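Chemist: Structure in structure tokens, see below.
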Amino acid sequence: MFMKLPPNIDEELKLYFEKNKIAKDKQDAIRAKVLDLYRSTTYDPEEPIGIVAAQSLSEPATQMTMRTYHFAGTAGIQVTLGLPRMLEIFDARKEPRTPTMNVYLKPGFNIDQVKEAAEKIKEVKLKDVVLSTTLDLTDMWIKCKIDMDKVRKLGIDPVKVAKAIKIKNTRSEFEGDTLTVTAKKSDVSNLRKLKYTIMETHLSGIKGITQVVVTKEGDEWMINTLGSNLKKVYAVDGVDPSRTTSNNIFEVLDVLGVEAAREAIVKQAQYTMEEQGLGIDVRYIMLLADLMTLSGGIKAIGRYGISGQKSSVLVRASFEETKKHFTGAAIRGESDPLLGTVENIIMNQVAPIGTGAFDLVGKIPGSDKKPAKKAKKKSK
Amino acid sequence: MGFSLLSPEVIKNLARVRVVVSDLYDADGYPVEGGVMDPRLGVIDPGLHCRTCGGGIGDCPGHFGYLELAKPIINVLYTKTIYQILKLTCRKCNRLMIEDKKEEILTKTQLTAPSKCPHCKAQQKKITLSKPYTFYEDKTELTAADVRERFEKIPNRDLKRVGFNGGRPEWLILTLFPVPPVTMRPSITLEGGERSEDDLTHKLVDIVRINQSLKENMDIGAPEFILNDLWELVQYHISTYFDNELTGVPLARHRSGRALKGIIQRLKAKEGRIRGNLLGKRVNFSARTVISPDPKISINEVGVPQEIASELTVPVYVTDMNTSYVKQLFKDDKINYVIRPDGRRIKVTKENKSELTTNIGIDWVVDRQLKDGDIVLFNRQPSLHRVSMMAHRVRIMPYRTLRLNPSVCIPYNADFDGDEMNIHVPQNEEARTEASFLMEVQRNIISPKFGGPIIGLDLDQISGVYLLTKENVKFNRQQACQLFSEAGIDMELPDKEEFTGKELFSLLLPDKLNIEYKANACMNCDVCKKHDCPNDGWVSIKNGQIETGVIDKKGVGAEKGRLLNKLSRLLEDEDLRDFIDYAGRLGVAYLMRRGFSLGTADLDIKKDIWNDIRSKIDGAHEEASNLIKKYKTKELRILPGMTAKESLEAQIMNVLASGVSGVSDIIKDTMEPNDIIHMFTSGAKGNIINTTQMAAVVGQETILGKRIKRGYLTRTLPHIKPRDLSPGAHGFVSRGFKQGLTPFELFWNIMNGREGLMDKSLRTRKSGYMQRRLVNALQDLKVHQDGSVRNSIGEIVQFMAGEDGIDPSKSDWGKLNWKEGMR
């Protein structure tokens, strides 16, 4: 194994050769030396990489803050970070507490165009354009004075404002700059409720995107959003779908597939760790993400995910829900091949991991006894 | 290892006793035959022998008995399964109501009971389960016997299709009850000879008693309702025997009112059999005491008190090659026990010492006391990562604490405010060898977590080497010798009369070392002047000689030590260990000569600078009150996505924070170098914020990341005017710790401190559970022979470990630095 250089190092070498104009015969010598070096830094067989990964991920987590919020950029989008965010990723929650997107536009957009796109993305509700409201309890109507400048600026057809209200037993009319909604049933307490419902009416933009902030990243202007809807954002003119991402991992899975979801887990976990000033090797996060996405979907770390679906009865029973796993195993007539670490610890045997994976079979010089026949079959 | 259901037949064949009476002991105190403590069920009293197998305590595993139940009883552990199967069973033809066509095993979602049997077309009635264990068909109750009758006729091929492979479904309804051996429910004799029975025995007595009474009542033909009551009671007792935490079932209690432990409670959770006894065990050959520092011992040594060393032992196998050594050990009183070839263990006392010395020979084993150089495991809880348990070499020392080098405090996360640590003595050659090759301190200097050193100099050690390499210190030959001698470094000095600190430190470095990096003292200027850095922050080492730069945290500290990482590639583990030992001791030795202290005078600030600082803080106050004014007149700039109030808070916080950081800058630029400054520029301890808080201004105290607003309805404290929004009213502390805080400021400071405490306790719990889940999910992943990562059943998780096969613990912070490696 490890007979070839990994692609990234190979690429680096090629660049180096080109830059320094190194002769062909010398190149091979260098490559051979680098390969030697590479092979001296590779993993030893039977290394318990899983446990090392788990410890490397969770030991720094004890130093993370519980403080949930952090101001992304100067202009104030609050995002869940620290330990709560880490738990969110590992638990594979369907919806993060604060879904956000980083929306990039195709190259060549200037700040005004970016701002324009941001306006298009942001959800506009009726309450955002209403200046004042009047309630008439006798005639059962609500009059809303609409900010016409704002409506025009947002590019909404004023006539559509009335049509947008689709609530049962109401009639809405638009006249001048006033929207009148009349309730057909006369119920005073309902009128107040009705007012709140019509205020929440969606007028334009993408549903769920409650905040947009335009920020500069490097030389480029981009949009941070609170609320996430990748599918619709991708459809907005000018948005660069190859760079625009969401922190909602399930949405990424839904829209872009497992490989993208795996990448999202890696990126999100790495960002969360780094934001707290904790450096850990990416390889461990990648391993975890690979394990979570092994089945083609996303499995959580915990009793309803990976740990609850392990093949070994003893491993499942030793984690959580002991009763459920033992009774279930009896009904199904399961058997446990005792191949893992925990099973062998329970059985008081050496676990087949690390140095325990090897057995020495041989005849001791001078002894007449035959070699003990206890060589285990390699678990392949 | 297989799992399946127990059939009545197996229960009967397994049993050696038919239990019929509920009495435990007769009048003379002997166990009753046919009772649940029948002597044929095994032995628990020392000295007695088993009536079934003849084995003594320890040899006899115990034997089952059985109880014939008067009426069938539902096994509560399986009520859910019984319910599922019952719903699927046709009430007429007793087949499972699944389509005949397909052959494969059906999944759970496919198993919905139809209203009509697909085989005999009989109309079905609705079956309901009334928790915990009563079944109804429409409104008539189905007794356990009825259910069992139906189950008996289900054909095996149907069961296979629903994944029921552990036996027959009728076995889920008990007719014979297995009485477990006494060895799993031993009784304990209290002082005064009174016996106290195990919870399970209590429960078994109840079961047998009620079952007998039910049987008698059935025999005399008692009325139905009496039988039903008794039957219900048997069901209750058997249910709580299995699981005493069932919802809807009252807890079975001991006479004292304590809830009894059922079988499930024995297995379950942290202190249960599996997690508490099988996966984690109590051990012998271990010791625990308070730790204290000793910078003079090596990082891979541990100072063990004489009292502990004479208690812990290592077995020595007596051969014809070491008999004289063993005899010498006897002479020195270094042997605690001997084990004779027949396996008897004898304690060595003054009386039998001479006798044992003469008797000893080949095939005997002696338990030798711990001595210098023995390998032991050293551990501090919580053991969060693998370097929380490392192997050290024993060094026997006076006094009663375990001693460790302060450099290994970092991996253990230990300090000396009363921490205790444990040592464990490996008992065989294999364990000792593995400990030495895998766990010894010098093998764990580079952490696999990030590919950098996790063991390095700390605190005063860093201050020491920093000052040694920084200050323009010169030593004459005699002073240099003195310093090295104090540091315990045995080394020939070069033929020179005068040495600088940098030259002395360079003596520890190997000649082949070449490295350049930015030190912690580097100020991150816009343009790096490299060799001409005014702070001496550019470290350049050529052929093992420091040319420029100071050695500090970025060089020899844990986590960031560039020098240590580089050396780990150049040197053998043992030589790197020696380097850390030497460097640490040299630092401490120099610090002892130079002196290192701080007092309040170090925080003194000159009058004019002090005025600058005050005006900075006053300016911040001013700006804040302007913001408040604007807020009141509604002229305040509203930040996107925020209310006016939130915008105000955010802006006030910003203004105050920039005020405080302005003060920090002033202090950083104007404070004369003293030991506090040395500490944070070298990275030994502390930072500029700490210093600012002590010397000038503490700044904003926050709760949940916001200004303090709790307390009264419209104010934080009673002396504050209602609706006062000024910084002083919401937790801004505009004094430093040295000047002293006002009582109100102190109160806010304490509020902040309390929040920190709460946060910490919450965090440890959450992250502890997260770690358990992570370890459980990842524990059986390992790198296989072909470089792939697979789990215990061989499913491939990664085709190449870490995608490029590089082990971070052998890399430079996760990268293969081939350009440097080629040199």
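Every chain in the structure tokens has a letter given in the order shown (A, B, ...), and although residue numbers restart at 1 in each chain, ligands are simply numbered from 1 in the order shown.
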So that I can see what lies close to segment 388-395 of chain B, please list as a PDB file with N, CA and C atoms, in the first residue's frame the residues with an atom at most 9 Å from it, counting only C-alpha atoms and leaving out residues fewer than 2 positions away in the same chain.

Modeler:
```pdb
ATOM      1  N   ILE B 297      12.812  16.402  37.613  1.00  0.00           N
ATOM      2  CA  ILE B 297      12.759  15.038  37.083  1.00  0.00           C
ATOM      3  C   ILE B 297      12.403  15.108  35.605  1.00  0.00           C
ATOM      4  N   ILE B 299      10.577  14.320  31.945  1.00  0.00           N
ATOM      5  CA  ILE B 299       9.145  14.288  31.619  1.00  0.00           C
ATOM      6  C   ILE B 299       8.608  12.877  31.589  1.00  0.00           C
ATOM      7  N   ASN B 300       9.455  11.882  31.368  1.00  0.00           N
ATOM      8  CA  ASN B 300       8.887  10.537  31.368  1.00  0.00           C
ATOM      9  C   ASN B 300       9.090   9.817  32.693  1.00  0.00           C
ATOM     10  N   GLU B 301       9.378  10.596  33.722  1.00  0.00           N
ATOM     11  CA  GLU B 301       9.464   9.997  35.053  1.00  0.00           C
ATOM     12  C   GLU B 301       8.256  10.403  35.880  1.00  0.00           C
ATOM     13  N   VAL B 302       8.000   9.607  36.894  1.00  0.00           N
ATOM     14  CA  VAL B 302       6.985   9.996  37.861  1.00  0.00           C
ATOM     15  C   VAL B 302       7.558   9.714  39.244  1.00  0.00           C
ATOM     16  N   GLY B 303       7.473  10.699  40.113  1.00  0.00           N
ATOM     17  CA  GLY B 303       7.955  10.503  41.469  1.00  0.00           C
ATOM     18  C   GLY B 303       6.916   9.752  42.276  1.00  0.00           C
ATOM     19  N   VAL B 304       7.289   8.583  42.766  1.00  0.00           N
ATOM     20  CA  VAL B 304       6.341   7.763  43.510  1.00  0.00           C
ATOM     21  C   VAL B 304       6.756   7.750  44.980  1.00  0.00           C
ATOM     22  N   PRO B 305       5.846   8.067  45.897  1.00  0.00           N
ATOM     23  CA  PRO B 305       6.195   8.045  47.317  1.00  0.00           C
ATOM     24  C   PRO B 305       6.624   6.650  47.759  1.00  0.00           C
ATOM     25  N   ALA B 309       5.287   2.824  46.770  1.00  0.00           N
ATOM     26  CA  ALA B 309       6.174   1.875  46.106  1.00  0.00           C
ATOM     27  C   ALA B 309       6.288   0.572  46.879  1.00  0.00           C
ATOM     28  N   LEU B 370       7.881  -2.138  43.896  1.00  0.00           N
ATOM     29  CA  LEU B 370       8.240  -1.219  42.806  1.00  0.00           C
ATOM     30  C   LEU B 370       9.624  -0.633  43.061  1.00  0.00           C
ATOM     31  N   LYS B 371      10.396  -0.477  41.981  1.00  0.00           N
ATOM     32  CA  LYS B 371      11.717   0.137  42.161  1.00  0.00           C
ATOM     33  C   LYS B 371      11.965   1.157  41.063  1.00  0.00           C
ATOM     34  N   ASP B 372      13.021   1.926  41.189  1.00  0.00           N
ATOM     35  CA  ASP B 372      13.347   2.937  40.187  1.00  0.00           C
ATOM     36  C   ASP B 372      13.441   2.311  38.804  1.00  0.00           C
ATOM     37  N   GLY B 373      12.894   2.969  37.810  1.00  0.00           N
ATOM     38  CA  GLY B 373      12.999   2.495  36.435  1.00  0.00           C
ATOM     39  C   GLY B 373      11.888   1.572  36.003  1.00  0.00           C
ATOM     40  N   ASP B 374      11.037   1.146  36.924  1.00  0.00           N
ATOM     41  CA  ASP B 374       9.876   0.344  36.533  1.00  0.00           C
ATOM     42  C   ASP B 374       8.926   1.188  35.703  1.00  0.00           C
ATOM     43  N   ILE B 375       8.209   0.531  34.777  1.00  0.00           N
ATOM     44  CA  ILE B 375       7.286   1.296  33.947  1.00  0.00           C
ATOM     45  C   ILE B 375       5.895   1.232  34.561  1.00  0.00           C
ATOM     46  N   VAL B 376       5.260   2.398  34.676  1.00  0.00           N
ATOM     47  CA  VAL B 376       3.891   2.425  35.206  1.00  0.00           C
ATOM     48  C   VAL B 376       3.034   3.316  34.313  1.00  0.00           C
ATOM     49  N   LEU B 377       1.745   3.078  34.336  1.00  0.00           N
ATOM     50  CA  LEU B 377       0.828   3.966  33.613  1.00  0.00           C
ATOM     51  C   LEU B 377       0.391   5.076  34.560  1.00  0.00           C
ATOM     52  N   PHE B 378       0.322   6.279  34.032  1.00  0.00           N
ATOM     53  CA  PHE B 378       0.005   7.445  34.847  1.00  0.00           C
ATOM     54  C   PHE B 378      -1.202   8.107  34.202  1.00  0.00           C
ATOM     55  N   ASN B 379      -2.189   8.432  34.993  1.00  0.00           N
ATOM     56  CA  ASN B 379      -3.454   8.869  34.406  1.00  0.00           C
ATOM     57  C   ASN B 379      -4.122   9.936  35.246  1.00  0.00           C
ATOM     58  N   ARG B 380      -4.755  10.901  34.550  1.00  0.00           N
ATOM     59  CA  ARG B 380      -5.598  11.864  35.252  1.00  0.00           C
ATOM     60  C   ARG B 380      -6.958  11.889  34.591  1.00  0.00           C
ATOM     61  N   GLN B 381      -8.003  11.783  35.402  1.00  0.00           N
ATOM     62  CA  GLN B 381      -9.357  11.896  34.860  1.00  0.00           C
ATOM     63  C   GLN B 381      -9.748  13.363  34.774  1.00  0.00           C
ATOM     64  N   PRO B 382     -10.625  13.726  33.863  1.00  0.00           N
ATOM     65  CA  PRO B 382     -11.275  12.884  32.863  1.00  0.00           C
ATOM     66  C   PRO B 382     -10.302  12.505  31.750  1.00  0.00           C
ATOM     67  N   SER B 383     -10.303  11.257  31.369  1.00  0.00           N
ATOM     68  CA  SER B 383      -9.390  10.789  30.329  1.00  0.00           C
ATOM     69  C   SER B 383      -9.998  11.094  28.970  1.00  0.00           C
ATOM     70  N   LEU B 384      -9.829  12.345  28.536  1.00  0.00           N
ATOM     71  CA  LEU B 384     -10.519  12.784  27.328  1.00  0.00           C
ATOM     72  C   LEU B 384      -9.819  12.350  26.058  1.00  0.00           C
ATOM     73  N   HIS B 385      -8.496  12.219  26.097  1.00  0.00           N
ATOM     74  CA  HIS B 385      -7.796  11.748  24.910  1.00  0.00           C
ATOM     75  C   HIS B 385      -6.679  10.815  25.334  1.00  0.00           C
ATOM     76  N   ARG B 386      -5.985  10.237  24.345  1.00  0.00           N
ATOM     77  CA  ARG B 386      -5.097   9.150  24.735  1.00  0.00           C
ATOM     78  C   ARG B 386      -3.918   9.613  25.577  1.00  0.00           C
ATOM     79  N   MET B 397      10.579   8.497  45.677  1.00  0.00           N
ATOM     80  CA  MET B 397      10.924   9.765  46.317  1.00  0.00           C
ATOM     81  C   MET B 397      10.317   9.833  47.706  1.00  0.00           C
ATOM     82  N   ARG B 403       4.942  12.958  41.977  1.00  0.00           N
ATOM     83  CA  ARG B 403       5.632  14.095  41.394  1.00  0.00           C
ATOM     84  C   ARG B 403       5.657  13.972  39.882  1.00  0.00           C
ATOM     85  N   PRO B 411      -0.734  17.778  28.512  1.00  0.00           N
ATOM     86  CA  PRO B 411      -1.555  16.656  28.054  1.00  0.00           C
ATOM     87  C   PRO B 411      -2.523  16.134  29.109  1.00  0.00           C
ATOM     88  N   TYR B 412      -2.102  16.117  30.360  1.00  0.00           N
ATOM     89  CA  TYR B 412      -3.003  15.619  31.406  1.00  0.00           C
ATOM     90  C   TYR B 412      -4.030  16.661  31.811  1.00  0.00           C
ATOM     91  N   ASN B 413      -3.809  17.900  31.396  1.00  0.00           N
ATOM     92  CA  ASN B 413      -4.618  19.034  31.840  1.00  0.00           C
ATOM     93  C   ASN B 413      -4.619  19.137  33.362  1.00  0.00           C
ATOM     94  N   ALA B 435       3.500  -0.816  26.763  1.00  0.00           N
ATOM     95  CA  ALA B 435       3.491   0.484  27.433  1.00  0.00           C
ATOM     96  C   ALA B 435       4.703   1.288  27.007  1.00  0.00           C
ATOM     97  N   SER B 436       5.844   0.618  26.967  1.00  0.00           N
ATOM     98  CA  SER B 436       7.074   1.328  26.630  1.00  0.00           C
ATOM     99  C   SER B 436       7.094   1.768  25.170  1.00  0.00           C
ATOM    100  N   LEU B 438       4.439   2.120  23.044  1.00  0.00           N
ATOM    101  CA  LEU B 438       3.307   2.909  22.559  1.00  0.00           C
ATOM    102  C   LEU B 438       2.944   4.071  23.470  1.00  0.00           C
ATOM    103  N   MET B 439       3.177   3.918  24.754  1.00  0.00           N
ATOM    104  CA  MET B 439       2.583   4.876  25.688  1.00  0.00           C
ATOM    105  C   MET B 439       3.575   5.767  26.396  1.00  0.00           C
ATOM    106  N   GLU B 440       4.860   5.487  26.296  1.00  0.00           N
ATOM    107  CA  GLU B 440       5.794   6.306  27.052  1.00  0.00           C
ATOM    108  C   GLU B 440       5.730   7.757  26.576  1.00  0.00           C
ATOM    109  N   VAL B 441       6.024   8.659  27.487  1.00  0.00           N
ATOM    110  CA  VAL B 441       5.813  10.083  27.224  1.00  0.00           C
ATOM    111  C   VAL B 441       6.498  10.541  25.938  1.00  0.00           C
ATOM    112  N   ASN B 444       4.750  10.221  22.653  1.00  0.00           N
ATOM    113  CA  ASN B 444       3.479  10.934  22.468  1.00  0.00           C
ATOM    114  C   ASN B 444       3.649  12.432  22.417  1.00  0.00           C
TER     115      ASN B 444
END
```

Chemist: Excluding same-chain residues fewer than 5 positions from segment 804-811 of chain B, what lies within 8 Å of it counting only C-alpha atoms, as a short mmCIF file (atom, residue, chain, number, x, y, z; two decimals) with N, CA and C atoms, in the first residue's frame?

Modeler:
```cif
data_model
loop_
_atom_site.label_atom_id
_atom_site.label_comp_id
_atom_site.auth_asym_id
_atom_site.auth_seq_id
_atom_site.Cartn_x
_atom_site.Cartn_y
_atom_site.Cartn_z
N PHE A 2 0.23 2.35 -0.29
CA PHE A 2 0.89 3.66 -0.35
C PHE A 2 2.08 3.63 -1.30
N PRO A 6 0.12 10.77 -3.25
CA PRO A 6 -1.24 11.28 -3.38
C PRO A 6 -1.29 12.42 -4.40
N TYR A 38 7.09 10.26 1.96
CA TYR A 38 5.63 10.12 2.10
C TYR A 38 5.30 8.81 2.81
N THR A 41 5.43 8.71 6.42
CA THR A 41 4.43 9.47 7.20
C THR A 41 3.04 8.87 7.10
N THR A 42 2.92 7.70 6.48
CA THR A 42 1.57 7.14 6.32
C THR A 42 1.17 6.34 7.56
N TYR A 43 -0.09 6.00 7.58
CA TYR A 43 -0.66 5.26 8.70
C TYR A 43 -0.05 3.87 8.82
N ASP A 281 -6.98 18.36 12.95
CA ASP A 281 -6.71 17.91 11.59
C ASP A 281 -8.02 17.63 10.86
N ILE B 446 4.31 14.33 19.82
CA ILE B 446 3.54 14.86 18.70
C ILE B 446 2.12 14.29 18.77
N SER B 447 1.16 15.21 18.86
CA SER B 447 -0.23 14.78 19.02
C SER B 447 -0.84 14.45 17.67
N PRO B 448 -1.60 13.36 17.58
CA PRO B 448 -2.29 13.07 16.32
C PRO B 448 -3.44 14.04 16.05
N LYS B 449 -3.78 14.83 17.06
CA LYS B 449 -4.92 15.73 16.92
C LYS B 449 -4.66 16.80 15.86
N PHE B 450 -3.45 17.39 15.88
CA PHE B 450 -3.18 18.43 14.91
C PHE B 450 -1.79 18.31 14.30
N GLY B 451 -1.04 17.27 14.65
CA GLY B 451 0.26 17.07 14.05
C GLY B 451 1.32 18.01 14.57
N GLY B 452 1.14 18.53 15.77
CA GLY B 452 2.16 19.36 16.41
C GLY B 452 2.43 18.82 17.80
N GLY B 787 -4.62 0.04 3.73
CA GLY B 787 -4.71 1.49 3.86
C GLY B 787 -6.13 2.02 3.88
N LEU B 816 2.47 17.15 4.56
CA LEU B 816 3.76 16.54 4.29
C LEU B 816 4.68 17.63 3.77
N ASN B 817 5.61 18.04 4.60
CA ASN B 817 6.47 19.15 4.22
C ASN B 817 7.70 18.59 3.50
#
```

Chemist: Which residues are close to Gly328 of chain A, i.e. within 12 Å by only C-alpha atoms, leaving aside same-chain residues fewer than 2 positions away? Reply as a PyMOL selection string.

Modeler: (chain A and resi 313-314+316-317+321-326+330-335) or (chain B and resi 3-5+77-81+163-166)

Chemist: Quick one: write out the picked residues with C-alpha atoms as a tab-separated table (two decimals), in the first residue's frame?

Modeler:
```
chain	number	residue	atom	x	y	z
A	313	VAL	CA	-25.85	-6.56	19.39
A	314	LEU	CA	-23.40	-6.06	22.23
A	316	ARG	CA	-25.73	-1.43	20.55
A	317	ALA	CA	-26.78	-2.73	23.96
A	321	GLU	CA	-31.49	1.30	25.19
A	322	THR	CA	-30.05	-1.96	26.49
A	323	LYS	CA	-33.45	-3.59	26.94
A	324	LYS	CA	-34.65	-2.85	23.42
A	325	HIS	CA	-31.56	-4.24	21.77
A	326	PHE	CA	-31.36	-7.43	23.81
A	330	ALA	CA	-33.60	-12.58	20.91
A	331	ILE	CA	-36.73	-12.25	18.75
A	332	ARG	CA	-34.73	-12.01	15.57
A	333	GLY	CA	-32.36	-14.77	16.65
A	334	GLU	CA	-29.36	-12.57	15.93
A	335	SER	CA	-25.81	-13.63	16.45
B	3	PHE	CA	-29.30	-14.64	20.98
B	4	SER	CA	-32.60	-16.51	21.01
B	5	LEU	CA	-35.65	-17.23	23.12
B	77	LEU	CA	-40.25	-7.57	27.90
B	78	TYR	CA	-41.99	-8.78	24.77
B	79	THR	CA	-45.44	-7.20	25.01
B	80	LYS	CA	-44.71	-5.11	21.94
B	81	THR	CA	-43.72	-8.14	19.87
B	163	GLY	CA	-38.01	-11.92	10.71
B	164	PHE	CA	-38.97	-13.93	13.79
B	165	ASN	CA	-36.03	-16.32	13.99
B	166	GLY	CA	-35.30	-16.52	17.69
```

Chemist: Between A:Asp147, A:Glu46, A:Glu173, A:Asp10, which is the closest to chain B once you count only C-alpha atoms?

Modeler: A:Glu46

Chemist: Would you list the contacts of Val326 of chain B as a ChimeraX atom specification, taking every protein, DNA or RNA residue within 12 Å and counting only C-alpha atoms, but skipping same-chain residues closer than 3 positions in sequence?

Modeler: /B:315-323,329-335,338,356-362,364-369

Chemist: Counting only C-alpha atoms, which residues of chain A fall within 7 Å of chain B, and what is the closest atom pair for each with its distance in Å at one decimal, ordered by chain and rising number, as JSON lines?

Modeler:
```
{"residue": "A:Met1", "atom": "CA", "partner": "B:Asp786", "partner_atom": "CA", "distance": 5.5}
{"residue": "A:Pro6", "atom": "CA", "partner": "B:Asp804", "partner_atom": "CA", "distance": 5.5}
{"residue": "A:Val34", "atom": "CA", "partner": "B:Trp818", "partner_atom": "CA", "distance": 6.3}
{"residue": "A:Thr41", "atom": "CA", "partner": "B:Lys810", "partner_atom": "CA", "distance": 5.1}
{"residue": "A:Thr42", "atom": "CA", "partner": "B:Ile806", "partner_atom": "CA", "distance": 4.3}
{"residue": "A:Tyr43", "atom": "CA", "partner": "B:Asp807", "partner_atom": "CA", "distance": 4.9}
{"residue": "A:Pro45", "atom": "CA", "partner": "B:Gln785", "partner_atom": "CA", "distance": 4.9}
{"residue": "A:Glu46", "atom": "CA", "partner": "B:Val783", "partner_atom": "CA", "distance": 4.9}
{"residue": "A:Glu47", "atom": "CA", "partner": "B:Val783", "partner_atom": "CA", "distance": 5.3}
{"residue": "A:Pro48", "atom": "CA", "partner": "B:Lys782", "partner_atom": "CA", "distance": 4.5}
{"residue": "A:Ile49", "atom": "CA", "partner": "B:Lys782", "partner_atom": "CA", "distance": 5.1}
{"residue": "A:Gly50", "atom": "CA", "partner": "B:Leu778", "partner_atom": "CA", "distance": 4.6}
{"residue": "A:Ile51", "atom": "CA", "partner": "B:Gln779", "partner_atom": "CA", "distance": 5.0}
{"residue": "A:Ala54", "atom": "CA", "partner": "B:Val775", "partner_atom": "CA", "distance": 5.2}
{"residue": "A:Gln55", "atom": "CA", "partner": "B:His385", "partner_atom": "CA", "distance": 5.1}
{"residue": "A:Ser56", "atom": "CA", "partner": "B:Lys449", "partner_atom": "CA", "distance": 5.0}
{"residue": "A:Ser58", "atom": "CA", "partner": "B:Gln771", "partner_atom": "CA", "distance": 5.3}
{"residue": "A:Glu59", "atom": "CA", "partner": "B:Leu384", "partner_atom": "CA", "distance": 5.6}
{"residue": "A:Ala61", "atom": "CA", "partner": "B:Ser767", "partner_atom": "CA", "distance": 6.2}
{"residue": "A:Thr62", "atom": "CA", "partner": "B:Ser767", "partner_atom": "CA", "distance": 5.6}
{"residue": "A:Met66", "atom": "CA", "partner": "B:Arg763", "partner_atom": "CA", "distance": 6.3}
{"residue": "A:Arg67", "atom": "CA", "partner": "B:Leu704", "partner_atom": "CA", "distance": 6.9}
{"residue": "A:Ala75", "atom": "CA", "partner": "B:Leu639", "partner_atom": "CA", "distance": 6.7}
{"residue": "A:Gln211", "atom": "CA", "partner": "B:Gly641", "partner_atom": "CA", "distance": 6.0}
{"residue": "A:Gly279", "atom": "CA", "partner": "B:Phe450", "partner_atom": "CA", "distance": 6.5}
{"residue": "A:Ile280", "atom": "CA", "partner": "B:Phe450", "partner_atom": "CA", "distance": 4.8}
{"residue": "A:Asp281", "atom": "CA", "partner": "B:Phe450", "partner_atom": "CA", "distance": 4.9}
{"residue": "A:Arg283", "atom": "CA", "partner": "B:Gly802", "partner_atom": "CA", "distance": 4.8}
{"residue": "A:Leu287", "atom": "CA", "partner": "B:Gly802", "partner_atom": "CA", "distance": 6.7}
{"residue": "A:Asp290", "atom": "CA", "partner": "B:Val797", "partner_atom": "CA", "distance": 6.2}
{"residue": "A:Leu291", "atom": "CA", "partner": "B:Val797", "partner_atom": "CA", "distance": 6.0}
{"residue": "A:Leu294", "atom": "CA", "partner": "B:Val797", "partner_atom": "CA", "distance": 6.6}
{"residue": "A:Ile301", "atom": "CA", "partner": "B:Arg773", "partner_atom": "CA", "distance": 6.3}
{"residue": "A:Gly302", "atom": "CA", "partner": "B:Arg773", "partner_atom": "CA", "distance": 5.4}
{"residue": "A:Ile306", "atom": "CA", "partner": "B:Ala777", "partner_atom": "CA", "distance": 5.9}
{"residue": "A:Ser307", "atom": "CA", "partner": "B:Ala777", "partner_atom": "CA", "distance": 5.2}
{"residue": "A:Ser318", "atom": "CA", "partner": "B:Ile274", "partner_atom": "CA", "distance": 6.0}
{"residue": "A:Thr322", "atom": "CA", "partner": "B:Lys268", "partner_atom": "CA", "distance": 5.9}
{"residue": "A:Lys323", "atom": "CA", "partner": "B:Ile264", "partner_atom": "CA", "distance": 6.5}
{"residue": "A:Thr327", "atom": "CA", "partner": "B:Leu77", "partner_atom": "CA", "distance": 6.9}
{"residue": "A:Ala329", "atom": "CA", "partner": "B:Phe3", "partner_atom": "CA", "distance": 5.9}
{"residue": "A:Ala330", "atom": "CA", "partner": "B:Ser4", "partner_atom": "CA", "distance": 4.1}
{"residue": "A:Ile331", "atom": "CA", "partner": "B:Gly166", "partner_atom": "CA", "distance": 4.6}
{"residue": "A:Arg332", "atom": "CA", "partner": "B:Asn165", "partner_atom": "CA", "distance": 4.8}
{"residue": "A:Gly333", "atom": "CA", "partner": "B:Gly166", "partner_atom": "CA", "distance": 3.6}
{"residue": "A:Glu334", "atom": "CA", "partner": "B:Phe3", "partner_atom": "CA", "distance": 5.5}
{"residue": "A:Ser335", "atom": "CA", "partner": "B:Gly2", "partner_atom": "CA", "distance": 3.9}
{"residue": "A:Asp336", "atom": "CA", "partner": "B:Met1", "partner_atom": "CA", "distance": 4.9}
{"residue": "A:Pro337", "atom": "CA", "partner": "B:Met1", "partner_atom": "CA", "distance": 6.3}
{"residue": "A:Leu339", "atom": "CA", "partner": "B:Ser792", "partner_atom": "CA", "distance": 5.7}
{"residue": "A:Gly340", "atom": "CA", "partner": "B:Ser792", "partner_atom": "CA", "distance": 5.0}
{"residue": "A:Thr341", "atom": "CA", "partner": "B:Asp780", "partner_atom": "CA", "distance": 6.0}
{"residue": "A:Ile345", "atom": "CA", "partner": "B:Leu279", "partner_atom": "CA", "distance": 6.3}
{"residue": "A:Ile346", "atom": "CA", "partner": "B:Leu278", "partner_atom": "CA", "distance": 5.0}
{"residue": "A:Lys380", "atom": "CA", "partner": "B:Gly794", "partner_atom": "CA", "distance": 6.3}
```
